[in-house]
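Structure data follow from input.cif (mmCIF, C-alpha atoms):
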data_my_file
#
loop_
_atom_site.label_atom_id
_atom_site.label_comp_id
_atom_site.auth_asym_id
_atom_site.auth_seq_id
_atom_site.Cartn_x
_atom_site.Cartn_y
_atom_site.Cartn_z
CA MET A 31 4.87 -1.77 -25.71
CA PHE A 32 5.85 0.00 -22.51
CA TYR A 33 3.13 0.15 -19.86
CA ILE A 34 3.14 2.46 -16.87
CA ILE A 35 0.51 1.14 -14.49
CA GLY A 36 -0.78 2.73 -11.30
CA LEU A 37 -1.32 0.33 -8.40
CA GLY A 38 -3.64 2.55 -6.38
CA LEU A 39 -3.24 2.75 -2.62
CA ASN A 40 -3.62 -0.87 -1.54
CA GLU A 41 -2.83 -4.31 -2.94
CA LYS A 42 -6.26 -4.52 -4.59
CA GLY A 43 -6.17 -1.03 -6.08
CA ILE A 44 -4.93 -1.92 -9.55
CA SER A 45 -7.63 -1.58 -12.21
CA ALA A 46 -9.06 -4.36 -14.39
CA GLU A 47 -7.37 -2.60 -17.33
CA GLY A 48 -4.05 -2.80 -15.51
CA LYS A 49 -4.44 -6.53 -14.82
CA THR A 50 -5.30 -7.18 -18.47
CA ALA A 51 -2.19 -5.31 -19.62
CA LEU A 52 0.03 -7.30 -17.24
CA LYS A 53 -1.08 -10.56 -18.86
CA LYS A 54 0.62 -9.35 -22.06
CA CYS A 55 3.89 -8.43 -20.35
CA HIS A 56 7.08 -10.48 -20.30
CA LYS A 57 8.72 -8.34 -17.63
CA VAL A 58 7.12 -6.49 -14.71
CA TYR A 59 9.00 -3.95 -12.60
CA LEU A 60 8.08 -1.92 -9.53
CA GLU A 61 9.44 1.55 -8.88
CA ASN A 62 10.67 1.50 -5.29
CA TYR A 63 12.15 4.93 -4.52
CA THR A 64 9.34 7.53 -4.29
CA ILE A 65 7.29 5.85 -1.53
CA GLU A 66 7.80 3.53 1.42
CA PHE A 67 5.84 0.60 0.00
CA PRO A 68 3.08 -0.23 2.52
CA TYR A 69 2.61 -3.95 1.88
CA LYS A 70 4.80 -6.93 1.03
CA LEU A 71 5.98 -7.57 -2.53
CA GLU A 72 5.01 -11.23 -2.21
CA LYS A 73 1.41 -10.21 -1.57
CA LEU A 74 1.39 -8.13 -4.75
CA GLU A 75 2.98 -10.91 -6.82
CA LYS A 76 0.38 -13.41 -5.62
CA LEU A 77 -2.46 -11.06 -6.52
CA LEU A 78 -1.06 -10.26 -9.98
CA GLY A 79 0.18 -13.75 -10.79
CA LYS A 80 3.49 -12.26 -11.94
CA LYS A 81 7.04 -12.01 -10.64
CA VAL A 82 7.89 -8.39 -9.93
CA LYS A 83 11.40 -6.95 -9.86
CA LEU A 84 12.15 -3.90 -7.68
CA LEU A 85 13.89 -0.95 -9.31
CA ASN A 86 15.72 1.93 -7.66
CA ARG A 87 16.03 5.44 -9.10
CA ASP A 88 19.13 4.65 -11.19
CA ASP A 89 17.50 1.55 -12.65
CA VAL A 90 14.54 3.60 -13.86
CA GLU A 91 16.38 6.71 -15.00
CA ASN A 92 18.96 4.90 -17.13
CA ASN A 93 16.07 4.04 -19.51
CA LYS A 94 17.08 0.39 -19.84
CA ILE A 95 13.51 -0.79 -19.24
CA ILE A 96 12.22 1.53 -21.96
CA PHE A 97 14.55 0.08 -24.60
CA GLU A 98 13.74 -3.40 -23.33
CA SER A 99 10.11 -2.72 -24.23
CA LYS A 100 11.09 -2.33 -27.91
CA LYS A 101 11.47 -6.10 -28.10
CA LYS A 102 8.85 -7.29 -25.61
CA ASN A 103 5.97 -5.90 -23.59
CA THR A 104 7.26 -4.43 -20.34
CA ALA A 105 5.41 -2.88 -17.39
CA LEU A 106 6.53 -0.46 -14.72
CA LEU A 107 4.26 -0.46 -11.67
CA ILE A 108 3.89 2.76 -9.70
CA TYR A 109 2.36 2.99 -6.24
CA GLY A 110 -0.66 5.30 -6.40
CA SER A 111 -1.13 7.02 -9.75
CA PRO A 112 1.69 7.12 -12.34
CA PHE A 113 2.30 10.85 -12.55
CA PHE A 114 1.72 11.98 -8.99
CA ALA A 115 5.53 11.84 -8.74
CA THR A 116 6.69 14.21 -11.49
CA THR A 117 9.90 12.26 -12.20
CA HIS A 118 7.96 9.67 -14.19
CA ILE A 119 7.01 12.06 -17.00
CA THR A 120 10.59 11.81 -18.30
CA LEU A 121 9.89 8.16 -19.16
CA ILE A 122 7.17 9.26 -21.58
CA LYS A 123 9.50 11.78 -23.18
CA GLU A 124 12.06 9.01 -23.77
CA CYS A 125 9.39 6.83 -25.36
CA ILE A 126 8.33 9.64 -27.69
CA ASP A 127 11.94 10.52 -28.58
CA ASN A 128 12.73 6.88 -29.39
CA GLU A 129 9.41 6.08 -31.11
CA ILE A 130 8.47 3.45 -28.54
CA GLU A 131 4.79 2.68 -28.03
CA TYR A 132 3.52 3.29 -24.53
CA LYS A 133 0.30 3.24 -22.55
CA ILE A 134 -0.57 4.84 -19.22
CA ILE A 135 -3.06 3.12 -16.94
CA TYR A 136 -4.18 5.32 -14.08
CA SER A 137 -5.34 4.55 -10.56
CA SER A 138 -6.12 6.40 -7.33
CA SER A 139 -3.52 8.59 -5.62
CA VAL A 140 -2.87 10.20 -2.25
CA PHE A 141 -4.31 13.46 -3.55
CA GLU A 142 -7.84 12.09 -3.95
CA ALA A 143 -7.59 10.12 -0.69
CA VAL A 144 -6.73 13.27 1.30
CA ALA A 145 -10.30 14.45 0.63
CA GLU A 146 -11.53 11.77 3.07
CA SER A 147 -10.27 14.14 5.77
CA GLY A 148 -13.04 16.58 4.90
CA LEU A 149 -10.80 19.18 3.25
CA GLN A 150 -11.99 20.22 -0.19
CA LEU A 151 -9.58 19.38 -3.02
CA TYR A 152 -10.23 22.50 -5.07
CA LYS A 153 -9.00 24.58 -2.12
CA PHE A 154 -5.48 23.06 -2.22
CA GLY A 155 -2.55 25.07 -3.57
CA LYS A 156 0.87 23.88 -4.72
CA ILE A 157 2.06 20.51 -3.43
CA ALA A 158 5.36 20.47 -1.53
CA SER A 159 7.84 17.69 -0.78
CA MET A 160 9.82 17.33 2.44
CA PRO A 161 13.22 15.69 1.83
CA LYS A 162 15.05 13.73 4.49
CA TRP A 163 17.73 15.96 5.95
CA GLU A 164 21.36 14.97 5.84
CA LYS A 165 24.19 16.22 8.05
CA ASN A 166 25.19 19.04 5.69
CA PHE A 167 22.02 19.31 3.61
CA LYS A 168 18.84 20.60 5.23
CA PRO A 169 16.52 21.99 2.52
CA ASP A 170 13.48 23.86 3.79
CA SER A 171 12.00 25.33 0.60
CA PHE A 172 8.74 23.49 1.30
CA VAL A 173 7.98 26.23 3.85
CA GLU A 174 8.06 28.81 1.04
CA ILE A 175 5.37 26.82 -0.77
CA ILE A 176 3.24 26.72 2.40
CA LYS A 177 3.65 30.50 2.75
CA GLU A 178 2.68 31.05 -0.88
CA ASN A 179 -0.40 28.85 -0.48
CA ARG A 180 -1.42 30.64 2.71
CA SER A 181 -1.25 34.00 0.90
CA ILE A 182 -4.20 32.81 -1.22
CA ASN A 183 -5.92 30.99 1.70
CA ALA A 184 -5.14 27.59 0.15
CA HIS A 185 -4.39 24.28 1.90
CA SER A 186 -0.86 22.84 1.59
CA LEU A 187 -0.19 19.14 1.02
CA ILE A 188 3.32 18.07 2.05
CA LEU A 189 4.60 14.74 0.77
CA ILE A 190 7.18 13.08 3.01
CA ASP A 191 10.39 11.58 1.67
CA ILE A 192 10.92 7.84 1.90
CA GLY A 193 12.75 6.77 5.07
CA LEU A 194 11.78 9.87 7.04
CA SER A 195 10.16 8.90 10.34
CA PHE A 196 7.12 10.74 11.66
CA ASN A 197 8.94 12.33 14.62
CA ASN A 198 11.82 13.47 12.41
CA ALA A 199 9.42 14.91 9.85
CA ILE A 200 7.57 16.88 12.54
CA ASP A 201 10.91 18.07 13.91
CA GLN A 202 12.01 19.23 10.44
CA LEU A 203 8.74 21.11 9.99
CA ILE A 204 9.09 22.88 13.35
CA LYS A 205 12.72 23.84 12.77
CA SER A 206 12.11 24.99 9.19
CA SER A 207 9.14 27.17 10.13
CA LYS A 208 11.20 28.81 12.89
CA THR A 209 14.09 29.44 10.47
CA LYS A 210 11.68 31.03 7.99
CA ASN A 211 9.93 32.99 10.78
CA PHE A 212 6.63 31.42 9.78
CA GLU A 213 4.04 30.26 12.28
CA ILE A 214 2.19 26.99 11.74
CA GLU A 215 -0.60 26.59 14.27
CA ASN A 216 -2.43 23.41 13.30
CA ILE A 217 -1.52 20.45 11.15
CA LEU A 218 -3.42 17.50 9.72
CA VAL A 219 -1.54 14.20 9.56
CA CYS A 220 -2.85 11.61 7.09
CA SER A 221 -1.59 8.06 7.63
CA GLN A 222 -1.87 4.96 5.41
CA LEU A 223 -4.37 6.55 3.05
CA GLY A 224 -6.48 4.18 1.01
CA PHE A 225 -6.01 1.01 3.05
CA ASN A 226 -6.06 1.89 6.75
CA SER A 227 -6.75 5.62 6.65
CA LYS A 228 -6.13 7.51 9.88
CA PHE A 229 -6.31 11.28 10.45
CA TYR A 230 -4.84 13.32 13.30
CA TYR A 231 -5.44 17.05 13.66
CA GLY A 232 -4.14 19.60 16.11
CA LYS A 233 -1.20 21.71 17.20
CA ILE A 234 2.22 20.43 16.16
CA ASN A 235 3.50 20.00 19.72
CA ARG A 236 0.50 17.83 20.68
CA LEU A 237 1.14 15.52 17.72
CA LYS A 238 4.91 15.40 18.08
CA ASN A 239 5.25 12.11 19.95
CA LYS A 240 2.38 10.22 18.35
CA LYS A 241 3.14 6.83 16.82
CA ILE A 242 2.11 7.38 13.20
CA LYS A 243 2.54 4.60 10.65
CA ALA A 244 4.04 5.15 7.21
CA PRO A 245 3.26 6.15 4.59
CA PHE A 246 1.99 9.48 5.87
CA CYS A 247 1.70 13.06 4.68
CA PHE A 248 1.01 16.47 6.21
CA VAL A 249 -1.62 19.05 5.38
CA ILE A 250 -1.36 22.64 6.58
CA PRO A 251 -4.92 23.97 6.31
CA GLY A 252 -5.58 27.37 4.78
CA LYS A 253 -8.82 29.25 5.22
CA MET A 254 -11.50 26.65 5.91
CA HIS A 255 -15.18 26.41 5.13
CA PHE A 256 -17.27 25.81 8.27
CA LEU A 257 -17.97 22.24 7.11
CA GLU A 258 -14.24 21.55 6.79
CA GLU A 259 -13.72 22.86 10.32
CA GLU A 260 -16.51 20.69 11.69
CA ILE A 261 -15.12 17.50 10.14
CA LEU A 262 -11.53 18.20 11.26
CA LYS A 263 -12.78 18.51 14.85
CA ILE A 264 -13.55 14.77 14.67
CA TYR A 265 -9.80 14.11 14.33
CA GLU A 266 -8.66 16.72 16.85
CA MET A 267 -6.01 15.61 19.32
#

Render the structure in this file as structure tokens.
Amino acid sequence: MFYIIGLGLNEKGISAEGKTALKKCHKVYLENYTIEFPYKLEKLEKLLGKKVKLLNRDDVENNKIIFESKKKNTALLIYGSPFFATTHITLIKECIDNEIEYKIIYSSSVFEAVAESGLQLYKFGKIASMPKWEKNFKPDSFVEIIKENRSINAHSLILIDIGLSFNNAIDQLIKSSKTKNFEIENILVCSQLGFNSKFYYGKINRLKNKKIKAPFCFVIPGKMHFLEEEILKIYEM
């Protein structure tokens, strides 16, 4: 059996169902490439009572752990909820194609936790990702998603790539919006959601030099209900 188990947003976020499944597993892995893991691996191992091996993207995508689960119960731990990162759905396809039993055990994700800011989840549009820029590779398509969401008055959630510092992420957002001739007035920054949640709201330039801890994400608000506006004022910088 191949288990994909969501850890939730802090070291105690795994469900009772997830803990029960882990007791049956001979091998336990942790996907380590879609998020900057916010607490120490040793802390997680102590809580679970299991040794956990870190896997990078290649380790997961070569499907070795899936075929390993044909012979013995194997678990892949995912920070947050298993399918918030769309890359993990390919694991299920491989299980189906190879007639391997699998079970998904869900937990909380960043998307639910963003609602603590006061913004209403049903008013969010498409989710965008901001990659870390390289010297000759500076993708800015996330701005197109923000523009599309704004056209229907929807909020935009921007997930930040692993290893991208807060100041660099803000800088990329400013430069990309200028390139696309698109004005972003206010931004909501959500930091360490689910275990030490902090929210910062205001104009980009006022937030630029703040010391924000990872993991963090951005929200570009669309048209807001008066209650949303009132709550965001609490976090205004």

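With all atoms listed in the file as the atoms that count, the minimum distance from Leu107 (chain A) to the choices A:Lys94, A:Lys70, A:Lys49, A:Lys153 is reached by A:Lys49.
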
*Within 8 Å of region 90-92 of chain A, counting all atoms listed in the file, which residues qualify if same-chain residues fewer than 5 places away don't, as an NGL selection string?*
:A and (61 or 85 or 121)

Just-selected residues, C-alpha atoms written as a compact mmCIF listing (two decimals), keeping the file's coordinate frame:
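As written to disk, selection.txt reads:
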# COMPACT_ATOMS: atom_id res chain seq x y z
CA GLU A 61 9.44 1.55 -8.88
CA LEU A 85 13.89 -0.95 -9.31
CA LEU A 121 9.89 8.16 -19.16

Would you give the centre and edge lengths, in Å to one decimal, of a box along x, y and z around the listed atoms of region 232-236 of chain A, with 6 Å added to each side, as JSON?
{"center_x": -0.3, "center_y": 19.8, "center_z": 18.4, "size_x": 19.6, "size_y": 15.9, "size_z": 16.6}

*Write out as a PyMOL selection string each polymer residue whose atoms come within 12 Å of Asp201 (chain A), counting all atoms listed in the file; drop sequence neighbours fewer than 2 positions from it.*
chain A and resi 160+162-163+170+194-199+203-208+234-235+237-239

Output for the residues just chosen: C-alpha atoms as a short mmCIF file (atom, residue, chain, number, x, y, z; two decimals), keeping the file's coordinate frame:
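part.cif, written as the output of this step:
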data_model
loop_
_atom_site.label_atom_id
_atom_site.label_comp_id
_atom_site.auth_asym_id
_atom_site.auth_seq_id
_atom_site.Cartn_x
_atom_site.Cartn_y
_atom_site.Cartn_z
CA MET A 160 9.82 17.33 2.44
CA LYS A 162 15.05 13.73 4.49
CA TRP A 163 17.73 15.96 5.95
CA ASP A 170 13.48 23.86 3.79
CA LEU A 194 11.78 9.87 7.04
CA SER A 195 10.16 8.90 10.34
CA PHE A 196 7.12 10.74 11.66
CA ASN A 197 8.94 12.33 14.62
CA ASN A 198 11.82 13.47 12.41
CA ALA A 199 9.42 14.91 9.85
CA LEU A 203 8.74 21.11 9.99
CA ILE A 204 9.09 22.88 13.35
CA LYS A 205 12.72 23.84 12.77
CA SER A 206 12.11 24.99 9.19
CA SER A 207 9.14 27.17 10.13
CA LYS A 208 11.20 28.81 12.89
CA ILE A 234 2.22 20.43 16.16
CA ASN A 235 3.50 20.00 19.72
CA LEU A 237 1.14 15.52 17.72
CA LYS A 238 4.91 15.40 18.08
CA ASN A 239 5.25 12.11 19.95
#

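Computed from the coordinates, the CA of Ala105 (chain A) to CA of Lys73 (chain A) distance equals 17.9 Å.
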
Excluding Lys156 (chain A) and residues on its chain fewer than 6 positions from it, collect all residues at most 8 Å away from it, counting all atoms listed in the file, and give them as a compact mmCIF listing (two decimals) with C-alpha atoms, in the coordinates of the input.
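See selection-v7.txt below for the written result:
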# COMPACT_ATOMS: atom_id res chain seq x y z
CA ILE A 175 5.37 26.82 -0.77
CA ASN A 179 -0.40 28.85 -0.48
CA SER A 186 -0.86 22.84 1.59
CA LEU A 187 -0.19 19.14 1.02

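Here CA of Phe229 (chain A) stands at a distance of 15.9 Å from CA of Leu39 (chain A).
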
*What's the 9 Å shell around region 247-251 of chain A, counting all atoms listed in the file, without same-chain residues fewer than 6 positions away, as a list in words?*
Val140, Val144, Leu149, Phe154, Ile176, Arg180, Asn183, Ala184, His185, Ser186, Leu187, Ile188, Leu189, Ile190, Ile214, Glu215, Asn216, Ile217, Leu218, Val219, Cys220, Ser221 and Gln222 of chain A

Suppose we keep C-alpha atoms; can you now write the selection as a PDB file, in the coordinates of the input?
ATOM      1  CA  VAL A 140      -2.870  10.200  -2.250  1.00  0.00           C
ATOM      2  CA  VAL A 144      -6.730  13.270   1.300  1.00  0.00           C
ATOM      3  CA  LEU A 149     -10.800  19.180   3.250  1.00  0.00           C
ATOM      4  CA  PHE A 154      -5.480  23.060  -2.220  1.00  0.00           C
ATOM      5  CA  ILE A 176       3.240  26.720   2.400  1.00  0.00           C
ATOM      6  CA  ARG A 180      -1.420  30.640   2.710  1.00  0.00           C
ATOM      7  CA  ASN A 183      -5.920  30.990   1.700  1.00  0.00           C
ATOM      8  CA  ALA A 184      -5.140  27.590   0.150  1.00  0.00           C
ATOM      9  CA  HIS A 185      -4.390  24.280   1.900  1.00  0.00           C
ATOM     10  CA  SER A 186      -0.860  22.840   1.590  1.00  0.00           C
ATOM     11  CA  LEU A 187      -0.190  19.140   1.020  1.00  0.00           C
ATOM     12  CA  ILE A 188       3.320  18.070   2.050  1.00  0.00           C
ATOM     13  CA  LEU A 189       4.600  14.740   0.770  1.00  0.00           C
ATOM     14  CA  ILE A 190       7.180  13.080   3.010  1.00  0.00           C
ATOM     15  CA  ILE A 214       2.190  26.990  11.740  1.00  0.00           C
ATOM     16  CA  GLU A 215      -0.600  26.590  14.270  1.00  0.00           C
ATOM     17  CA  ASN A 216      -2.430  23.410  13.300  1.00  0.00           C
ATOM     18  CA  ILE A 217      -1.520  20.450  11.150  1.00  0.00           C
ATOM     19  CA  LEU A 218      -3.420  17.500   9.720  1.00  0.00           C
ATOM     20  CA  VAL A 219      -1.540  14.200   9.560  1.00  0.00           C
ATOM     21  CA  CYS A 220      -2.850  11.610   7.090  1.00  0.00           C
ATOM     22  CA  SER A 221      -1.590   8.060   7.630  1.00  0.00           C
ATOM     23  CA  GLN A 222      -1.870   4.960   5.410  1.00  0.00           C
TER      24      GLN A 222
END

_Selected residue, from A:Phe172, A:Tyr265, A:Phe114, A:Tyr231, that lies nearest to Phe141 (chain A) when counting only C-alpha atoms_ = A:Phe114

*If you apply the PyMOL selection byres ((chain A and resi 46) around 12) to this file, what residues do you get, as a PyMOL selection string?*
chain A and resi 35-38+42-45+47-53+78+135-137

*Interatomic distance between CA of Phe67 (chain A) and CA of Gly224 (chain A)?*
12.9 Å

Quick check on the file I pasted: which residues fall under the PyMOL selection byres ((chain A and resi 65) around 10)? Write them as a compact mmCIF listing (two decimals) with C-alpha atoms, in the frame of the given file.
# COMPACT_ATOMS: atom_id res chain seq x y z
CA GLU A 61 9.44 1.55 -8.88
CA ASN A 62 10.67 1.50 -5.29
CA TYR A 63 12.15 4.93 -4.52
CA THR A 64 9.34 7.53 -4.29
CA GLU A 66 7.80 3.53 1.42
CA PHE A 67 5.84 0.60 0.00
CA PRO A 68 3.08 -0.23 2.52
CA ILE A 108 3.89 2.76 -9.70
CA TYR A 109 2.36 2.99 -6.24
CA GLY A 110 -0.66 5.30 -6.40
CA ALA A 115 5.53 11.84 -8.74
CA LEU A 189 4.60 14.74 0.77
CA ILE A 190 7.18 13.08 3.01
CA ASP A 191 10.39 11.58 1.67
CA ILE A 192 10.92 7.84 1.90
CA GLY A 193 12.75 6.77 5.07
CA ALA A 244 4.04 5.15 7.21
CA PRO A 245 3.26 6.15 4.59
CA PHE A 246 1.99 9.48 5.87

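Considering the residues A:Asp127, A:Met31, A:Ser138, A:Ile119 and counting only C-alpha atoms, Ile95 (chain A) has its shortest atom-to-atom contact with A:Met31.
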
For C-alpha atoms, please extract region 72-135 of chain A from the block and return it as a compact mmCIF listing (two decimals), in the first residue's frame.
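Dumped to out_13.txt:
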# COMPACT_ATOMS: atom_id res chain seq x y z
CA GLU A 72 14.13 15.51 14.20
CA LYS A 73 11.10 17.09 15.84
CA LEU A 74 8.80 15.39 13.34
CA GLU A 75 10.52 12.01 13.75
CA LYS A 76 10.17 12.19 17.53
CA LEU A 77 6.47 12.99 17.26
CA LEU A 78 5.78 10.21 14.74
CA GLY A 79 8.07 7.62 16.28
CA LYS A 80 9.49 6.88 12.82
CA LYS A 81 12.66 7.59 10.90
CA VAL A 82 11.90 9.86 7.96
CA LYS A 83 13.98 10.11 4.79
CA LEU A 84 14.00 13.37 2.80
CA LEU A 85 13.31 13.16 -0.92
CA ASN A 86 14.03 15.73 -3.61
CA ARG A 87 12.02 16.16 -6.83
CA ASP A 88 13.97 13.54 -8.79
CA ASP A 89 13.58 10.99 -5.98
CA VAL A 90 9.81 11.40 -6.07
CA GLU A 91 9.30 11.67 -9.81
CA ASN A 92 11.32 8.57 -10.73
CA ASN A 93 8.50 6.54 -9.09
CA LYS A 94 10.89 4.31 -7.15
CA ILE A 95 8.90 4.77 -3.93
CA ILE A 96 5.70 3.76 -5.69
CA PHE A 97 7.13 0.44 -6.88
CA GLU A 98 8.67 -0.06 -3.45
CA SER A 99 5.14 0.03 -2.02
CA LYS A 100 4.23 -3.07 -4.06
CA LYS A 101 6.24 -5.15 -1.59
CA LYS A 102 5.77 -3.20 1.64
CA ASN A 103 3.68 -0.36 3.01
CA THR A 104 5.30 2.96 2.17
CA ALA A 105 4.32 6.52 3.09
CA LEU A 106 5.13 9.84 1.49
CA LEU A 107 4.59 12.79 3.83
CA ILE A 108 3.57 16.11 2.32
CA TYR A 109 3.67 19.42 4.16
CA GLY A 110 0.15 20.86 4.26
CA SER A 111 -2.39 18.90 2.24
CA PRO A 112 -1.29 16.32 -0.36
CA PHE A 113 -2.67 17.88 -3.52
CA PHE A 114 -2.21 21.58 -2.87
CA ALA A 115 0.93 21.16 -5.01
CA THR A 116 -0.41 19.79 -8.30
CA THR A 117 2.74 17.76 -9.04
CA HIS A 118 1.65 15.06 -6.60
CA ILE A 119 -1.37 13.96 -8.66
CA THR A 120 1.02 12.20 -11.06
CA LEU A 121 1.86 9.77 -8.24
CA ILE A 122 -1.77 8.63 -8.15
CA LYS A 123 -1.80 8.15 -11.91
CA GLU A 124 1.28 5.92 -11.62
CA CYS A 125 -0.41 3.86 -8.91
CA ILE A 126 -3.52 3.40 -11.05
CA ASP A 127 -1.48 2.54 -14.17
CA ASN A 128 0.53 -0.06 -12.24
CA GLU A 129 -2.37 -1.44 -10.18
CA ILE A 130 -0.81 -0.39 -6.88
CA GLU A 131 -3.12 0.21 -3.93
CA TYR A 132 -2.98 3.71 -2.50
CA LYS A 133 -4.67 5.84 0.11
CA ILE A 134 -4.76 9.62 0.51
CA ILE A 135 -4.96 11.10 4.00
